[in-house]
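**Student:** Dropping the structure in here first, questions after.
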Amino acid sequence: MTRTVLIIEDNPGIGELVRMQVTDLGMRAILAGRGDEGIERFHQGGIDLVILDLMLPGMDGLAVCREIRSGTGYVPVLMLTAKSSELDRVLGLEMGADDYLTKPFSVAELAARIKALFRRVDALSSGHTDESETEEVVVEGLRIDPVRHRVFRNDQEVELTAREFDLLWHFVRHRGRVFSRAQLLDAVWGYNHEGYEHTVNTHINRLRNKIEADPAQPRYIQTVWGVGYRFMD
């Protein structure tokens with residue numbers, strides 16, 4: 001079945017570039033130039049991925065993302081952001097975006113992000129997991145439920161985005177093993193492009209702020225200086 005990608009982008013040049021890349025990947029592309037127009041088309045159904053610009057007329061990208069996430073079904077969201085706007089990228093992730101791509105970007109990077117998001121969707125929907133992938137894990141006050149994608153710290157639920165959960169679960173499954181930023185990008189995001197290691201930094205900082213009692217002195221996700229990160233052993 002051909003996948004359908006909704007592109008919500010008000011810049012005609014960028015919108016056409018993204019549309020051409022989506023088509024080259026063998027997918028159907030629908031282009032909307034306004035946030036409210038994009039939401040209207042999204043609610044008509046049949047959308048498998050949303051590529052969403054942050055700055056939009058009518059309804060900005062954060063509001064669009066929030067509206068998409070208010071529904072019951074899961075559709076991945078790839079957010080396009082200005083290169084200098086780190087705060088906006090963090091806000092986009094907080095609203096439920098699965099990943100972000102900074103402008104200007106190459107078509108190779110765009111294709112890698114799209115493929116990685118669909119690999120994740122396919123893995124979640126396949127249901128082919130062994131027992132070790134479904135058992136609840138408890139580590140010194142932190143409880144992770146991989147089936148329901150829920151996390152509790154001292155019996156209080158912690159709200160994580162989909163990508164934050166994937167990152168935490170990867171660490172938990174490989175306790176004590178040290179991962180470089182490039183390895184984490186490849187394992188959790190499904191791609192590795194030079195210069196995008198800051199994506200890992202952003203997610204780890206946000207994850208620490210949510211699960212650590214003192215993010216400045218992390219107990220669970222530890223930094224191994226000059227190498228990368230590991231989960232407490």
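In the structure tokens, chains take letters A, B, ... by order of appearance, with residues numbered from 1 within each chain and ligands from 1 in the order shown.
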Determine which residues of range 26-225 of chain A DSSP labels as strand (DSSP E) from the backbone of this structure, then write them out as a JSON list (two decimals) with C-alpha atoms, in the first residue's frame.
**Tutor:**
```
[["chain", "number", "residue", "atom", "x", "y", "z"],
["A", 28, "ARG", "CA", 2.05, 10.02, -2.32],
["A", 29, "ALA", "CA", 2.57, 13.67, -1.36],
["A", 30, "ILE", "CA", -0.10, 16.20, -0.35],
["A", 31, "LEU", "CA", 1.02, 19.82, 0.02],
["A", 32, "ALA", "CA", -0.68, 22.41, 2.25],
["A", 49, "LEU", "CA", 3.43, 10.97, 8.00],
["A", 50, "VAL", "CA", 3.30, 14.74, 8.52],
["A", 51, "ILE", "CA", 6.24, 16.93, 7.52],
["A", 52, "LEU", "CA", 5.53, 20.16, 9.33],
["A", 53, "ASP", "CA", 7.13, 23.60, 9.09],
["A", 77, "VAL", "CA", 5.60, 14.12, 12.74],
["A", 78, "LEU", "CA", 8.84, 15.44, 11.26],
["A", 79, "MET", "CA", 9.24, 19.14, 12.07],
["A", 80, "LEU", "CA", 11.18, 21.60, 9.91],
["A", 81, "THR", "CA", 12.82, 24.41, 11.87],
["A", 82, "ALA", "CA", 15.11, 27.38, 11.38],
["A", 99, "ASP", "CA", 12.07, 14.36, 14.97],
["A", 100, "TYR", "CA", 13.21, 17.66, 13.51],
["A", 101, "LEU", "CA", 15.26, 18.76, 10.52],
["A", 102, "THR", "CA", 16.95, 22.14, 10.38],
["A", 103, "LYS", "CA", 16.91, 24.37, 7.32],
["A", 137, "VAL", "CA", 11.93, -3.16, 34.17],
["A", 138, "VAL", "CA", 12.47, -1.59, 37.60],
["A", 139, "VAL", "CA", 15.74, 0.19, 38.37],
["A", 142, "LEU", "CA", 12.45, 3.99, 37.98],
["A", 143, "ARG", "CA", 9.84, 1.68, 36.42],
["A", 144, "ILE", "CA", 9.62, 1.26, 32.63],
["A", 145, "ASP", "CA", 6.72, -0.49, 30.92],
["A", 150, "ARG", "CA", 4.88, 4.33, 30.29],
["A", 151, "VAL", "CA", 7.54, 5.39, 32.78],
["A", 152, "PHE", "CA", 7.20, 5.95, 36.53],
["A", 153, "ARG", "CA", 9.65, 7.50, 38.98],
["A", 156, "GLN", "CA", 4.71, 9.04, 39.76],
["A", 157, "GLU", "CA", 4.18, 8.80, 35.99],
["A", 158, "VAL", "CA", 6.67, 10.67, 33.85],
["A", 221, "ILE", "CA", 22.00, 8.40, 32.42],
["A", 222, "GLN", "CA", 25.68, 8.99, 33.03],
["A", 223, "THR", "CA", 28.19, 10.86, 30.88],
["A", 224, "VAL", "CA", 31.42, 9.08, 30.03]]
```
**Student:** Which residues, written as a list in words, have at least one atom at most 12 Å from Phe231 in chain A, with only C-alpha atoms counted and residues fewer than 5 positions away on the same chain left out?
**Tutor:**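 What passes the distance filter is Val139, Leu167, Leu168, Trp169, His170, Phe171, Val172, Arg173, His174, Arg175, Gly176, Arg177, Val178, Phe179, Ile204, Arg208, Pro218, Arg219, Tyr220, Ile221, Gln222, Thr223 and Val224 of chain A.
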**Student:** Using CA of Gly13 in chain A and CA of Gly38 in chain A as the two end points, give the distance in Å to one decimal.
**Tutor:**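 Atom-to-atom, CA of Gly13 in chain A to CA of Gly38 in chain A, that is 17.3 Å.
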**Student:** Pick out the closest residue to Ala111 in chain A from this set: A:Leu25, A:Ile8, A:Met20, A:Ile14. Count only C-alpha atoms.
**Tutor:** A:Leu25
**Student:** Hey, can you check how far CA of Lys210 in chain A sits from CA of Glu164 in chain A?
**Tutor:**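 Answer for the CA of Lys210 in chain A to CA of Glu164 in chain A separation: 9.9 Å.
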**Student:** Using only C-alpha atoms, can you tell me which of A:Asp24, A:Glu109, A:Glu67, A:Asp166 comes closest to Phe42 in chain A?
**Tutor:** A:Glu67
**Student:** Work out how far apart CA of Glu197 in chain A and CA of Gly228 in chain A are and give it in Å to one decimal.
**Tutor:**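 Separation between CA of Glu197 in chain A and CA of Gly228 in chain A: 10.6 Å.
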